[in-house]
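Below is data-v4.cif, which holds mmCIF, C-alpha atoms.
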data_input
loop_
_atom_site.label_atom_id
_atom_site.label_comp_id
_atom_site.auth_asym_id
_atom_site.auth_seq_id
_atom_site.Cartn_x
_atom_site.Cartn_y
_atom_site.Cartn_z
CA MET A 1 60.74 108.00 82.69
CA LYS A 2 61.46 105.84 79.63
CA PRO A 3 61.33 102.05 79.54
CA ALA A 4 64.59 100.09 79.58
CA PRO A 5 65.33 98.26 76.30
CA PHE A 6 63.47 95.03 75.59
CA GLU A 7 62.91 92.61 72.74
CA TYR A 8 59.47 93.04 71.20
CA HIS A 9 57.17 90.46 69.65
CA ALA A 10 53.72 91.10 68.27
CA PRO A 11 52.12 87.72 67.46
CA THR A 12 48.96 87.79 65.36
CA SER A 13 47.46 84.53 66.66
CA LEU A 14 47.00 82.95 70.06
CA GLU A 15 48.98 79.93 68.86
CA GLN A 16 52.00 82.12 68.07
CA ALA A 17 51.67 83.87 71.42
CA LEU A 18 51.55 80.54 73.30
CA ASP A 19 54.62 79.27 71.43
CA LEU A 20 56.53 82.43 72.33
CA MET A 21 55.46 82.02 75.95
CA SER A 22 56.67 78.43 76.07
CA GLN A 23 60.03 79.43 74.57
CA HIS A 24 60.54 82.43 76.83
CA ALA A 25 58.68 81.52 80.04
CA GLY A 26 59.93 83.59 82.95
CA GLU A 27 61.76 86.10 80.77
CA ALA A 28 58.85 87.43 78.73
CA LYS A 29 56.03 89.60 79.94
CA LEU A 30 52.69 89.86 78.20
CA LEU A 31 51.54 93.29 77.10
CA ALA A 32 47.75 93.60 77.15
CA GLY A 33 46.34 97.14 77.48
CA GLY A 34 49.55 98.30 79.14
CA GLN A 35 47.77 100.76 81.42
CA SER A 36 49.59 99.40 84.49
CA LEU A 37 52.59 97.68 82.87
CA VAL A 38 53.77 100.63 80.75
CA PRO A 39 53.77 103.11 83.69
CA ALA A 40 55.74 100.54 85.71
CA MET A 41 58.17 100.20 82.79
CA ASN A 42 58.41 103.99 82.41
CA PHE A 43 59.40 104.15 86.08
CA ARG A 44 61.69 101.14 85.50
CA ILE A 45 60.04 99.35 88.40
CA VAL A 46 59.61 96.58 85.85
CA GLN A 47 62.27 95.84 83.23
CA PRO A 48 61.23 92.78 81.24
CA GLY A 49 63.76 91.40 78.77
CA MET A 50 60.99 90.70 76.33
CA LEU A 51 57.47 91.89 75.67
CA ILE A 52 54.89 89.75 73.90
CA ASP A 53 52.23 92.17 72.73
CA LEU A 54 48.75 90.61 72.54
CA ASN A 55 47.10 93.62 70.90
CA ARG A 56 47.24 92.05 67.42
CA VAL A 57 45.70 88.78 68.59
CA VAL A 58 42.22 89.80 67.50
CA GLU A 59 40.78 86.35 68.32
CA MET A 60 41.20 87.20 72.03
CA SER A 61 38.66 90.03 71.96
CA TYR A 62 34.98 89.02 72.09
CA ILE A 63 31.87 88.90 74.27
CA ARG A 64 29.77 85.80 73.54
CA GLU A 65 26.64 84.39 75.14
CA GLU A 66 27.21 80.71 75.85
CA GLY A 67 25.08 78.56 78.14
CA PRO A 68 24.10 80.36 81.33
CA GLY A 69 26.67 83.11 81.02
CA LEU A 70 29.00 85.23 78.95
CA HIS A 71 32.38 84.18 77.67
CA VAL A 72 34.66 87.16 77.32
CA GLY A 73 38.02 87.19 75.58
CA ALA A 74 40.85 88.35 77.82
CA MET A 75 41.81 91.16 75.41
CA THR A 76 38.35 92.72 75.50
CA ARG A 77 38.72 96.41 76.38
CA GLU A 78 37.20 97.68 79.59
CA ARG A 79 35.26 100.24 77.56
CA GLN A 80 33.53 97.40 75.69
CA LEU A 81 32.35 95.91 78.98
CA GLU A 82 30.91 99.28 79.91
CA PHE A 83 28.76 99.53 76.78
CA ASP A 84 27.85 95.90 76.14
CA ALA A 85 24.07 95.38 76.04
CA SER A 86 24.08 91.78 77.34
CA ILE A 87 26.31 92.76 80.29
CA GLU A 88 23.97 95.65 81.07
CA LYS A 89 20.98 93.29 81.04
CA ARG A 90 22.32 90.08 82.55
CA ILE A 91 25.29 91.17 84.68
CA PRO A 92 24.23 94.65 85.83
CA LEU A 93 26.79 94.66 88.66
CA LEU A 94 29.61 94.68 86.09
CA HIS A 95 27.82 97.29 83.98
CA GLU A 96 27.42 99.58 86.97
CA ALA A 97 30.97 99.11 88.22
CA ALA A 98 32.78 99.55 84.88
CA PRO A 99 32.73 103.39 84.80
CA ASN A 100 34.62 103.33 88.12
CA ILE A 101 37.65 101.75 86.45
CA ALA A 102 40.09 104.66 86.04
CA HIS A 103 39.27 107.21 83.30
CA PRO A 104 37.67 106.77 79.86
CA GLN A 105 41.10 107.16 78.19
CA ILE A 106 42.37 104.24 80.28
CA ARG A 107 39.28 102.08 79.73
CA ASN A 108 39.61 102.60 75.97
CA ARG A 109 42.93 100.75 76.11
CA GLY A 110 42.87 98.66 79.29
CA THR A 111 41.64 95.09 79.05
CA LEU A 112 39.61 92.74 81.24
CA GLY A 113 42.33 90.07 81.20
CA GLY A 114 45.14 92.55 81.82
CA SER A 115 43.52 93.96 84.94
CA ILE A 116 42.73 90.47 86.27
CA VAL A 117 46.29 89.20 85.76
CA ASN A 118 47.77 92.38 87.22
CA ALA A 119 45.84 91.47 90.42
CA ASP A 120 46.09 94.91 91.99
CA PRO A 121 44.22 94.76 95.32
CA ALA A 122 42.87 98.26 94.64
CA ALA A 123 41.48 97.37 91.19
CA GLU A 124 37.80 96.86 90.50
CA LEU A 125 37.83 93.90 88.11
CA PRO A 126 39.42 91.28 90.43
CA VAL A 127 36.78 92.16 93.05
CA LEU A 128 34.04 91.79 90.45
CA MET A 129 35.42 88.43 89.32
CA LEU A 130 35.10 87.13 92.87
CA ALA A 131 31.66 88.64 93.40
CA LEU A 132 30.35 87.22 90.13
CA ASN A 133 31.82 83.70 90.56
CA ALA A 134 33.86 84.05 87.39
CA ARG A 135 35.96 81.21 86.02
CA LEU A 136 39.21 81.97 84.27
CA LYS A 137 40.62 79.92 81.42
CA ALA A 138 44.41 79.61 81.30
CA LYS A 139 46.26 78.10 78.36
CA ASN A 140 49.79 77.05 77.56
CA ASN A 141 50.90 75.60 74.24
CA SER A 142 49.85 72.05 75.15
CA SER A 143 46.89 72.27 77.52
CA GLU A 144 44.23 74.44 79.09
CA ARG A 145 42.56 74.63 82.48
CA TRP A 146 39.78 76.54 84.23
CA ILE A 147 40.55 78.33 87.49
CA ASP A 148 37.85 79.59 89.87
CA ALA A 149 38.31 83.25 90.77
CA PRO A 150 39.01 82.60 94.50
CA ASP A 151 41.87 80.22 93.53
CA PHE A 152 43.23 82.64 90.93
CA PHE A 153 44.13 85.58 93.18
CA ILE A 154 46.83 84.28 95.51
CA GLY A 155 48.30 87.52 96.81
CA MET A 156 49.30 91.07 96.07
CA PHE A 157 49.90 91.32 92.30
CA SER A 158 50.11 87.51 92.29
CA THR A 159 47.99 84.95 90.46
CA ALA A 160 47.85 81.19 90.03
CA LEU A 161 49.08 81.47 86.41
CA GLU A 162 52.22 79.49 85.51
CA PRO A 163 55.00 81.38 83.69
CA ASP A 164 54.08 79.82 80.33
CA GLU A 165 50.32 80.34 80.67
CA ILE A 166 48.11 83.03 79.17
CA LEU A 167 44.72 83.97 80.57
CA VAL A 168 42.60 83.63 77.45
CA GLU A 169 38.97 83.75 78.50
CA ILE A 170 36.71 84.73 81.36
CA GLU A 171 33.42 82.98 82.02
CA LEU A 172 30.89 85.23 83.72
CA PRO A 173 27.69 83.51 84.87
CA PHE A 174 24.52 85.56 84.47
CA MET A 175 23.39 86.96 87.78
CA PRO A 176 20.73 84.68 89.35
CA ALA A 177 17.07 85.68 89.48
CA ARG A 178 15.91 87.99 92.31
CA THR A 179 19.46 89.18 92.86
CA GLY A 180 20.06 92.80 93.73
CA TRP A 181 23.44 94.43 93.29
CA SER A 182 25.49 97.41 94.31
CA PHE A 183 28.95 98.72 93.58
CA MET A 184 30.29 101.64 95.59
CA GLU A 185 33.72 103.12 96.12
CA VAL A 186 35.24 106.23 97.64
CA ALA A 187 38.05 107.90 95.70
CA PRO A 188 39.63 111.35 96.10
CA ARG A 189 38.68 112.13 92.48
CA ALA A 190 36.58 110.21 89.97
CA GLY A 191 38.88 107.67 88.34
CA ASP A 192 41.55 107.69 91.05
CA TYR A 193 42.44 104.59 93.01
CA ALA A 194 39.66 104.10 95.53
CA LEU A 195 40.43 104.30 99.24
CA MET A 196 37.84 101.58 99.78
CA GLY A 197 35.21 99.91 97.63
CA ILE A 198 32.63 97.16 97.72
CA ALA A 199 30.72 94.91 95.35
CA ALA A 200 27.57 93.52 96.98
CA LEU A 201 25.04 90.96 95.78
CA VAL A 202 21.91 89.86 97.62
CA THR A 203 19.49 87.17 96.44
CA LEU A 204 16.06 87.13 98.10
CA ASP A 205 13.82 84.05 98.03
CA GLU A 206 10.06 84.22 97.42
CA ALA A 207 9.41 84.87 101.09
CA GLY A 208 11.81 87.82 101.00
CA LYS A 209 14.54 86.04 102.98
CA CYS A 210 18.15 86.26 101.92
CA SER A 211 19.10 83.05 100.15
CA ASN A 212 22.55 84.24 99.14
CA ALA A 213 24.78 87.25 99.80
CA LYS A 214 28.20 88.29 98.64
CA LEU A 215 30.35 91.15 99.92
CA VAL A 216 33.73 91.69 98.23
CA TYR A 217 36.07 94.59 99.00
CA LEU A 218 38.82 96.39 97.12
CA ASN A 219 41.92 97.98 98.63
CA ALA A 220 41.13 95.94 101.74
CA GLY A 221 43.94 93.38 101.85
CA GLU A 222 46.40 91.45 99.71
CA GLY A 223 43.82 90.85 97.01
CA PRO A 224 40.08 91.12 96.56
CA VAL A 225 38.62 90.36 100.01
CA ASP A 226 35.52 88.18 100.20
CA ALA A 227 33.82 88.82 103.56
CA LYS A 228 32.30 85.38 103.92
CA GLN A 229 31.35 85.60 107.59
CA ALA A 230 29.43 88.82 107.12
CA ALA A 231 27.63 87.28 104.14
CA GLN A 232 26.91 84.15 106.19
CA LEU A 233 25.25 86.31 108.84
CA LEU A 234 22.63 87.36 106.29
CA GLN A 235 22.04 83.92 104.81
CA GLY A 236 18.53 82.52 105.45
CA GLU A 237 17.47 85.64 107.33
CA THR A 238 14.97 88.39 106.78
CA ILE A 239 17.44 91.24 106.58
CA THR A 240 16.79 93.93 109.14
CA GLY A 241 18.59 97.18 109.81
CA LYS A 242 20.18 95.60 112.87
CA LEU A 243 21.49 92.67 110.84
CA ILE A 244 22.94 95.05 108.25
CA ASP A 245 24.74 96.94 111.02
CA GLU A 246 26.16 93.69 112.41
CA ALA A 247 27.35 92.52 108.99
CA ALA A 248 29.00 95.92 108.40
CA VAL A 249 30.86 95.76 111.71
CA LEU A 250 31.97 92.18 111.16
CA ALA A 251 33.24 92.85 107.63
CA SER A 252 34.91 96.18 108.37
CA GLN A 253 36.48 95.26 111.71
CA LYS A 254 37.28 91.55 111.40
CA GLU A 255 37.36 90.39 107.82
CA ILE A 256 39.12 93.06 105.83
CA ASN A 257 42.79 93.82 106.39
CA PRO A 258 43.53 97.21 104.81
CA TYR A 259 47.04 98.65 104.82
CA GLY A 260 46.42 102.37 104.71
CA ASN A 261 48.42 104.63 102.38
CA ILE A 262 49.41 108.26 101.89
CA HIS A 263 45.75 109.22 101.37
CA THR A 264 44.14 107.29 104.21
CA SER A 265 44.70 105.67 107.58
CA ILE A 266 43.69 102.08 108.22
CA GLU A 267 41.02 103.33 110.65
CA PHE A 268 39.48 105.52 107.96
CA GLN A 269 39.45 102.59 105.52
CA ARG A 270 37.61 100.49 108.11
CA HIS A 271 35.16 103.35 108.66
CA LEU A 272 34.55 103.61 104.92
CA ALA A 273 34.07 99.85 104.66
CA ASN A 274 31.48 100.01 107.43
CA VAL A 275 29.50 102.82 105.77
CA LEU A 276 29.82 101.37 102.26
CA THR A 277 28.66 97.94 103.46
CA LYS A 278 25.48 99.42 104.92
CA ASN A 279 24.75 101.59 101.88
CA ALA A 280 25.56 98.85 99.38
CA LEU A 281 23.49 96.24 101.21
CA LYS A 282 20.52 98.58 101.38
CA GLN A 283 20.74 99.31 97.68
CA ALA A 284 21.18 95.64 96.75
CA ILE A 285 18.25 94.56 98.94
CA GLN A 286 16.03 97.26 97.50
CA ARG A 287 16.89 96.21 93.97
CA ALA A 288 16.35 92.53 94.76
CA GLY A 289 12.94 93.48 96.19
CA GLU A 290 12.04 95.34 93.02
CA LEU A 291 12.86 92.22 91.00
CA GLN A 292 10.48 90.05 93.06
CA MET B 1 68.26 94.30 72.36
CA THR B 2 67.65 97.64 70.69
CA GLN B 3 65.81 96.64 67.56
CA ALA B 4 64.95 99.39 65.08
CA ILE B 5 61.48 98.48 63.88
CA PRO B 6 59.85 100.12 60.86
CA VAL B 7 56.60 101.86 61.81
CA THR B 8 54.02 103.18 59.36
CA ILE B 9 51.20 105.17 60.90
CA THR B 10 48.65 107.66 59.71
CA VAL B 11 48.61 110.85 61.73
CA ASN B 12 45.97 113.49 60.98
CA GLY B 13 45.33 111.84 57.63
CA LYS B 14 48.98 111.78 56.55
CA LYS B 15 50.97 108.57 56.32
CA TYR B 16 54.42 108.49 57.92
CA THR B 17 57.06 105.74 57.90
CA ARG B 18 59.92 105.89 60.38
CA GLU B 19 62.00 103.52 62.43
CA ALA B 20 61.47 103.23 66.15
CA GLU B 21 63.16 101.32 68.90
CA SER B 22 60.67 99.00 70.59
CA ARG B 23 60.80 101.00 73.82
CA MET B 24 59.96 104.35 72.21
CA LEU B 25 56.66 105.70 73.52
CA LEU B 26 54.08 106.90 71.01
CA SER B 27 54.18 110.34 72.67
CA ASP B 28 57.92 110.63 71.97
CA PHE B 29 57.51 109.25 68.46
CA LEU B 30 54.94 111.96 67.64
CA ARG B 31 57.06 114.72 69.15
CA HIS B 32 60.61 113.74 68.24
CA GLU B 33 60.30 111.70 65.06
CA LEU B 34 57.30 113.38 63.44
CA ARG B 35 57.94 116.81 65.03
CA LEU B 36 54.30 117.09 66.02
CA THR B 37 54.90 118.82 69.33
CA GLY B 38 51.28 119.71 69.99
CA THR B 39 50.95 116.50 71.98
CA HIS B 40 52.35 117.40 75.38
CA VAL B 41 54.13 115.15 77.83
CA GLY B 42 53.44 115.64 81.51
CA CYS B 43 53.76 112.75 83.93
CA GLU B 44 54.59 109.87 81.57
CA HIS B 45 52.69 107.41 83.69
CA GLY B 46 49.12 107.88 82.62
CA VAL B 47 47.92 110.25 85.33
CA CYS B 48 47.93 113.79 83.92
CA GLY B 49 46.27 113.28 80.53
CA ALA B 50 48.40 115.90 78.72
CA CYS B 51 49.45 113.36 76.06
CA THR B 52 45.91 112.22 75.19
CA ILE B 53 45.47 111.53 71.47
CA LEU B 54 42.87 109.72 69.39
CA PHE B 55 43.85 106.15 68.51
CA ASP B 56 41.46 104.90 65.82
CA GLY B 57 39.08 107.62 67.00
CA GLU B 58 39.19 106.82 70.72
CA SER B 59 40.95 108.91 73.36
CA MET B 60 44.02 107.24 74.83
CA ARG B 61 47.24 108.12 76.64
CA SER B 62 50.05 108.24 74.08
CA CYS B 63 52.61 107.81 76.89
CA LEU B 64 51.16 104.37 77.67
CA ILE B 65 51.35 103.08 74.11
CA LEU B 66 54.54 102.04 72.35
CA ALA B 67 55.17 103.62 68.95
CA VAL B 68 55.46 100.14 67.40
CA GLN B 69 51.95 99.36 68.63
CA ALA B 70 50.58 102.15 66.47
CA GLN B 71 51.74 100.35 63.30
CA GLY B 72 48.87 100.50 60.80
CA HIS B 73 46.63 102.57 63.06
CA GLU B 74 45.16 106.04 62.67
CA ILE B 75 46.19 108.71 65.12
CA THR B 76 44.69 112.16 65.52
CA THR B 77 46.59 114.80 67.45
CA VAL B 78 45.66 118.37 68.32
CA GLU B 79 47.36 119.48 65.08
CA GLY B 80 44.58 117.64 63.23
CA LEU B 81 41.73 119.74 64.65
CA ALA B 82 42.00 123.10 62.85
CA ASN B 83 42.28 123.59 59.11
CA ASP B 84 44.60 126.56 59.66
CA LYS B 85 45.34 129.07 62.37
CA ASP B 86 42.55 131.39 61.32
CA ASN B 87 39.94 128.64 61.29
CA LEU B 88 39.97 126.94 64.64
CA HIS B 89 37.87 123.88 65.40
CA PRO B 90 34.69 124.98 67.25
CA LEU B 91 36.05 123.29 70.39
CA GLN B 92 39.30 125.28 70.15
CA GLN B 93 37.37 128.47 69.38
CA SER B 94 35.28 127.87 72.51
CA PHE B 95 38.38 127.44 74.67
CA TRP B 96 39.64 130.74 73.23
CA GLU B 97 36.38 132.58 73.88
CA ALA B 98 35.65 131.14 77.34
CA HIS B 99 39.25 131.43 78.62
CA GLY B 100 39.50 127.66 78.92
CA LEU B 101 43.27 127.85 79.29
CA GLN B 102 45.98 129.86 80.94
CA CYS B 103 49.39 128.27 80.35
CA GLY B 104 47.92 125.84 77.84
CA TYR B 105 50.04 122.86 78.78
CA CYS B 106 47.11 120.58 79.51
CA THR B 107 44.94 121.95 76.69
CA PRO B 108 45.84 119.57 73.81
CA GLY B 109 45.07 116.57 76.02
CA ILE B 110 41.79 118.07 77.15
CA LEU B 111 40.74 118.90 73.59
CA MET B 112 41.52 115.35 72.46
CA THR B 113 39.52 113.98 75.39
CA MET B 114 36.54 116.22 74.67
CA ILE B 115 36.30 115.51 70.91
CA PRO B 116 35.00 111.93 71.34
CA PHE B 117 33.15 112.90 74.52
CA LEU B 118 31.09 115.56 72.71
CA LYS B 119 30.49 113.18 69.83
CA GLN B 120 28.97 110.65 72.27
CA ASN B 121 27.29 113.29 74.47
CA PRO B 122 26.20 116.22 72.30
CA ASN B 123 24.21 117.75 75.19
CA PRO B 124 26.34 117.09 78.26
CA SER B 125 25.40 118.21 81.75
CA GLU B 126 27.98 120.02 83.87
CA GLU B 127 28.38 116.86 85.96
CA GLU B 128 29.05 114.75 82.87
CA ILE B 129 31.62 117.27 81.65
CA ARG B 130 33.40 117.28 85.01
CA HIS B 131 33.41 113.49 85.09
CA ALA B 132 34.84 113.34 81.56
CA LEU B 133 37.52 115.85 82.60
CA SER B 134 38.61 113.78 85.59
CA GLY B 135 41.45 112.16 83.67
CA ASN B 136 43.07 115.49 82.73
CA LEU B 137 44.93 117.62 85.23
CA CYS B 138 45.01 121.40 84.93
CA ARG B 139 46.97 123.42 87.47
CA CYS B 140 45.96 126.92 86.32
CA THR B 141 42.28 127.30 85.70
CA GLY B 142 40.52 125.55 88.56
CA TYR B 143 38.56 123.86 85.74
CA GLN B 144 35.59 126.25 85.84
CA HIS B 145 36.49 127.95 82.57
CA ILE B 146 37.27 124.62 80.96
CA VAL B 147 33.77 123.42 81.86
CA ASP B 148 32.36 126.68 80.45
CA ALA B 149 34.37 126.21 77.26
CA VAL B 150 33.09 122.67 76.76
CA LYS B 151 29.50 123.84 77.31
CA LEU B 152 30.04 126.60 74.75
CA ALA B 153 31.52 124.08 72.32
CA ALA B 154 28.52 121.80 72.71
CA GLU B 155 26.30 124.77 71.73
CA LYS B 156 28.48 125.69 68.74
CA MET B 157 28.69 122.11 67.49
CA LYS B 158 24.94 121.50 67.46
#
Go through the file and emit its structure as structure tokens.
Amino acid sequence: MKPAPFEYHAPTSLEQALDLMSQHAGEAKLLAGGQSLVPAMNFRIVQPGMLIDLNRVVEMSYIREEGPGLHVGAMTRERQLEFDASIEKRIPLLHEAAPNIAHPQIRNRGTLGGSIVNADPAAELPVLMLALNARLKAKNNSSERWIDAPDFFIGMFSTALEPDEILVEIELPFMPARTGWSFMEVAPRAGDYALMGIAALVTLDEAGKCSNAKLVYLNAGEGPVDAKQAAQLLQGETITGKLIDEAAVLASQKEINPYGNIHTSIEFQRHLANVLTKNALKQAIQRAGELQ
Amino acid sequence: MTQAIPVTITVNGKKYTREAESRMLLSDFLRHELRLTGTHVGCEHGVCGACTILFDGESMRSCLILAVQAQGHEITTVEGLANDKDNLHPLQQSFWEAHGLQCGYCTPGILMTMIPFLKQNPNPSEEEIRHALSGNLCRCTGYQHIVDAVKLAAEKMK
């Protein structure tokens, strides 16, 4: 239960961190909040030869309003997301979901960027990145590029980042007008890994018809699962109870691909997805209606 | 590979300088290097909460932080709560009075979780207390007396 030996670097600027990454690509692992990496190292599931600790790179921690969205530094703590006033006002889905991320002690240390790069299919933040159409800025020591969230998560614990790249910033568009939201998950205890969870967004036009819907699931496949067909079903329609039921069946039976685990069977996960879809859609529609 | 790195940290208001290998966990540094054994070690993978300490005033798992990462930071452990053994912190006194512990193994972590919680929520509801407790495992009490103790502490600390 102790990490294997490793070489430790604690750069104090992003430039230093990027240089270290270019020199030690493949061998070095980045240490952000460490709330998933350090347990894995304690178990010796992961034994990196080198750790590059980003916790002293203060320039990577910020929440800034810029254009039609927020730009958030990758080292911003999850707890800061939870209490940020502009997130609460302009991206209420993220505000509502944040307290579901593990426990306060974990959120005090865990970071937005760390959870995204860890790409755990059962984690909340990757699901939220997909639901919110986030863009992710990756940098190496000579260039930078923006990656759309759906292109970023390429599999279980796998991302589109190259070995010498660092995720430096997350762009979160403000939620569009007349958009209702809901985040729901079922976990054995508050803060535990959820058996199933959903982030739902519904935009209603002036006539009350659905102009856009998004349904993204956690612990439902190899990464965050975007149920596009179920969302498509709602598009352009006046959403009725029957339509909600159909979308829930489509998403839970056809689109998600849960694996089951020691706490739950696959069937139970599909059942939860069905129920959560209905409840989340109802809540999102109600909220969108209240914003009319 | 095994670098000895000088670490200077402030724990409970006192400055300490020691050397630590990069892989040494903050929990082990507190216990073995500084001999502050009030911080308990349970699961060592961030689940049980027994090792919770305050890192610059915020509750965190000391088993998920490397000692070298604490360089220059302020740590508070359970030893920093009471002035002496006859003058317990009101939160500790409440745990005593309400039987908030049996074996006591989880208690330091729970106290260090509840200190910032009560600061942010001086009048917590039972539900809020239970939610705040969710990151700390106790295998003796069934939690009821811990909840009672936290309620009592909130009263005392008003």
When the PyMOL selection byres ((chain B) within 8 of (chain A)) is applied to the structure above, which residues does it catch, written out as a CSV table (one decimal) with C-alpha atoms, in the frame of the given file?
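Result went into selection19.csv, see below:
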chain,number,residue,atom,x,y,z
B,1,MET,CA,68.3,94.3,72.4
B,2,THR,CA,67.6,97.6,70.7
B,3,GLN,CA,65.8,96.6,67.6
B,22,SER,CA,60.7,99.0,70.6
B,23,ARG,CA,60.8,101.0,73.8
B,24,MET,CA,60.0,104.4,72.2
B,25,LEU,CA,56.7,105.7,73.5
B,44,GLU,CA,54.6,109.9,81.6
B,45,HIS,CA,52.7,107.4,83.7
B,46,GLY,CA,49.1,107.9,82.6
B,52,THR,CA,45.9,112.2,75.2
B,58,GLU,CA,39.2,106.8,70.7
B,59,SER,CA,41.0,108.9,73.4
B,60,MET,CA,44.0,107.2,74.8
B,61,ARG,CA,47.2,108.1,76.6
B,64,LEU,CA,51.2,104.4,77.7
B,65,ILE,CA,51.4,103.1,74.1
B,69,GLN,CA,52.0,99.4,68.6
B,113,THR,CA,39.5,114.0,75.4
B,131,HIS,CA,33.4,113.5,85.1
B,132,ALA,CA,34.8,113.3,81.6
B,134,SER,CA,38.6,113.8,85.6
B,135,GLY,CA,41.4,112.2,83.7
Original post:
For the atom pair atom CA of A:Asp164 and atom CA of B:Val68, what is the interatomic distance in Å to one decimal place?
Top reply: 24.1 Å
Subject >> Spatial neighbours of A:Ala119, max dist 7 Å, all atoms listed in the file, sep filter under 2 positions, as an MDAnalysis selection string >> reply: chainID A and resid 115:117 121 126 153 156:159 223
Got a sec to resolve the PyMOL selection byres ((chain B and resi 98) around 9) on this structure and send the residues as a JSON list (two decimals) with C-alpha atoms, in the coordinates of the input?
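Output file result-v9.json follows:
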[["chain", "number", "residue", "atom", "x", "y", "z"],
["B", 93, "GLN", "CA", 37.37, 128.47, 69.38],
["B", 94, "SER", "CA", 35.28, 127.87, 72.51],
["B", 95, "PHE", "CA", 38.38, 127.44, 74.67],
["B", 96, "TRP", "CA", 39.64, 130.74, 73.23],
["B", 97, "GLU", "CA", 36.38, 132.58, 73.88],
["B", 99, "HIS", "CA", 39.25, 131.43, 78.62],
["B", 100, "GLY", "CA", 39.50, 127.66, 78.92],
["B", 101, "LEU", "CA", 43.27, 127.85, 79.29],
["B", 145, "HIS", "CA", 36.49, 127.95, 82.57],
["B", 146, "ILE", "CA", 37.27, 124.62, 80.96],
["B", 148, "ASP", "CA", 32.36, 126.68, 80.45],
["B", 149, "ALA", "CA", 34.37, 126.21, 77.26],
["B", 150, "VAL", "CA", 33.09, 122.67, 76.76],
["B", 152, "LEU", "CA", 30.04, 126.60, 74.75]]
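Put simply, atom CA of A:Ser252 is 8.1 Å away from atom CA of A:Thr277.
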Subject >> Selection result for the PyMOL selection byres ((chain A and resi 258) around 12) on this file, as a PyMOL selection string >> reply: chain A and resi 121-122+195-197+217-225+251-257+259-261+264-273
Atoms to include: C-alpha atoms. Write the selected residues as a PDB file, in the coordinates of the input.
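This is the output file selection_26.pdb:
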ATOM      1  CA  PRO A 121      44.220  94.760  95.320  1.00  0.00           C
ATOM      2  CA  ALA A 122      42.870  98.260  94.640  1.00  0.00           C
ATOM      3  CA  LEU A 195      40.430 104.300  99.240  1.00  0.00           C
ATOM      4  CA  MET A 196      37.840 101.580  99.780  1.00  0.00           C
ATOM      5  CA  GLY A 197      35.210  99.910  97.630  1.00  0.00           C
ATOM      6  CA  TYR A 217      36.070  94.590  99.000  1.00  0.00           C
ATOM      7  CA  LEU A 218      38.820  96.390  97.120  1.00  0.00           C
ATOM      8  CA  ASN A 219      41.920  97.980  98.630  1.00  0.00           C
ATOM      9  CA  ALA A 220      41.130  95.940 101.740  1.00  0.00           C
ATOM     10  CA  GLY A 221      43.940  93.380 101.850  1.00  0.00           C
ATOM     11  CA  GLU A 222      46.400  91.450  99.710  1.00  0.00           C
ATOM     12  CA  GLY A 223      43.820  90.850  97.010  1.00  0.00           C
ATOM     13  CA  PRO A 224      40.080  91.120  96.560  1.00  0.00           C
ATOM     14  CA  VAL A 225      38.620  90.360 100.010  1.00  0.00           C
ATOM     15  CA  ALA A 251      33.240  92.850 107.630  1.00  0.00           C
ATOM     16  CA  SER A 252      34.910  96.180 108.370  1.00  0.00           C
ATOM     17  CA  GLN A 253      36.480  95.260 111.710  1.00  0.00           C
ATOM     18  CA  LYS A 254      37.280  91.550 111.400  1.00  0.00           C
ATOM     19  CA  GLU A 255      37.360  90.390 107.820  1.00  0.00           C
ATOM     20  CA  ILE A 256      39.120  93.060 105.830  1.00  0.00           C
ATOM     21  CA  ASN A 257      42.790  93.820 106.390  1.00  0.00           C
ATOM     22  CA  TYR A 259      47.040  98.650 104.820  1.00  0.00           C
ATOM     23  CA  GLY A 260      46.420 102.370 104.710  1.00  0.00           C
ATOM     24  CA  ASN A 261      48.420 104.630 102.380  1.00  0.00           C
ATOM     25  CA  THR A 264      44.140 107.290 104.210  1.00  0.00           C
ATOM     26  CA  SER A 265      44.700 105.670 107.580  1.00  0.00           C
ATOM     27  CA  ILE A 266      43.690 102.080 108.220  1.00  0.00           C
ATOM     28  CA  GLU A 267      41.020 103.330 110.650  1.00  0.00           C
ATOM     29  CA  PHE A 268      39.480 105.520 107.960  1.00  0.00           C
ATOM     30  CA  GLN A 269      39.450 102.590 105.520  1.00  0.00           C
ATOM     31  CA  ARG A 270      37.610 100.490 108.110  1.00  0.00           C
ATOM     32  CA  HIS A 271      35.160 103.350 108.660  1.00  0.00           C
ATOM     33  CA  LEU A 272      34.550 103.610 104.920  1.00  0.00           C
ATOM     34  CA  ALA A 273      34.070  99.850 104.660  1.00  0.00           C
TER      35      ALA A 273
END
Would you compute the box with edges along x, y and z of the file around stretch 33-46 of chain B, including every atom the file lists for it and 3 Å extra on each side, and give its centre and edge lengths in Å to one decimal, as AutoDock Vina command-line options?
--center_x 54.7 --center_y 113.6 --center_z 73.7 --size_x 17.2 --size_y 18.3 --size_z 26.5
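From atom CA of A:Val168 back to atom CA of A:Leu136, the distance works out to 7.8 Å.
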**OP:** For a cut-off of 12 Å around (63.9, 110.5, 67.6), file coordinates, pick out all residues using only C-alpha atoms and list them as a ChimeraX atom specification.
**Re:** /B:4,18-21,23-36,67
In file coordinates, which residues lie within 8 Å of (37.4, 99.8, 86.1) using all atoms listed in the file, given as a compact mmCIF listing (two decimals) with C-alpha atoms, in the coordinates of the input?
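And here is the file that came out, part.txt:
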# COMPACT_ATOMS: atom_id res chain seq x y z
CA GLU A 78 37.20 97.68 79.59
CA ALA A 97 30.97 99.11 88.22
CA ALA A 98 32.78 99.55 84.88
CA PRO A 99 32.73 103.39 84.80
CA ASN A 100 34.62 103.33 88.12
CA ILE A 101 37.65 101.75 86.45
CA ALA A 102 40.09 104.66 86.04
CA ARG A 107 39.28 102.08 79.73
CA ALA A 123 41.48 97.37 91.19
CA GLU A 124 37.80 96.86 90.50
CA LEU A 125 37.83 93.90 88.11
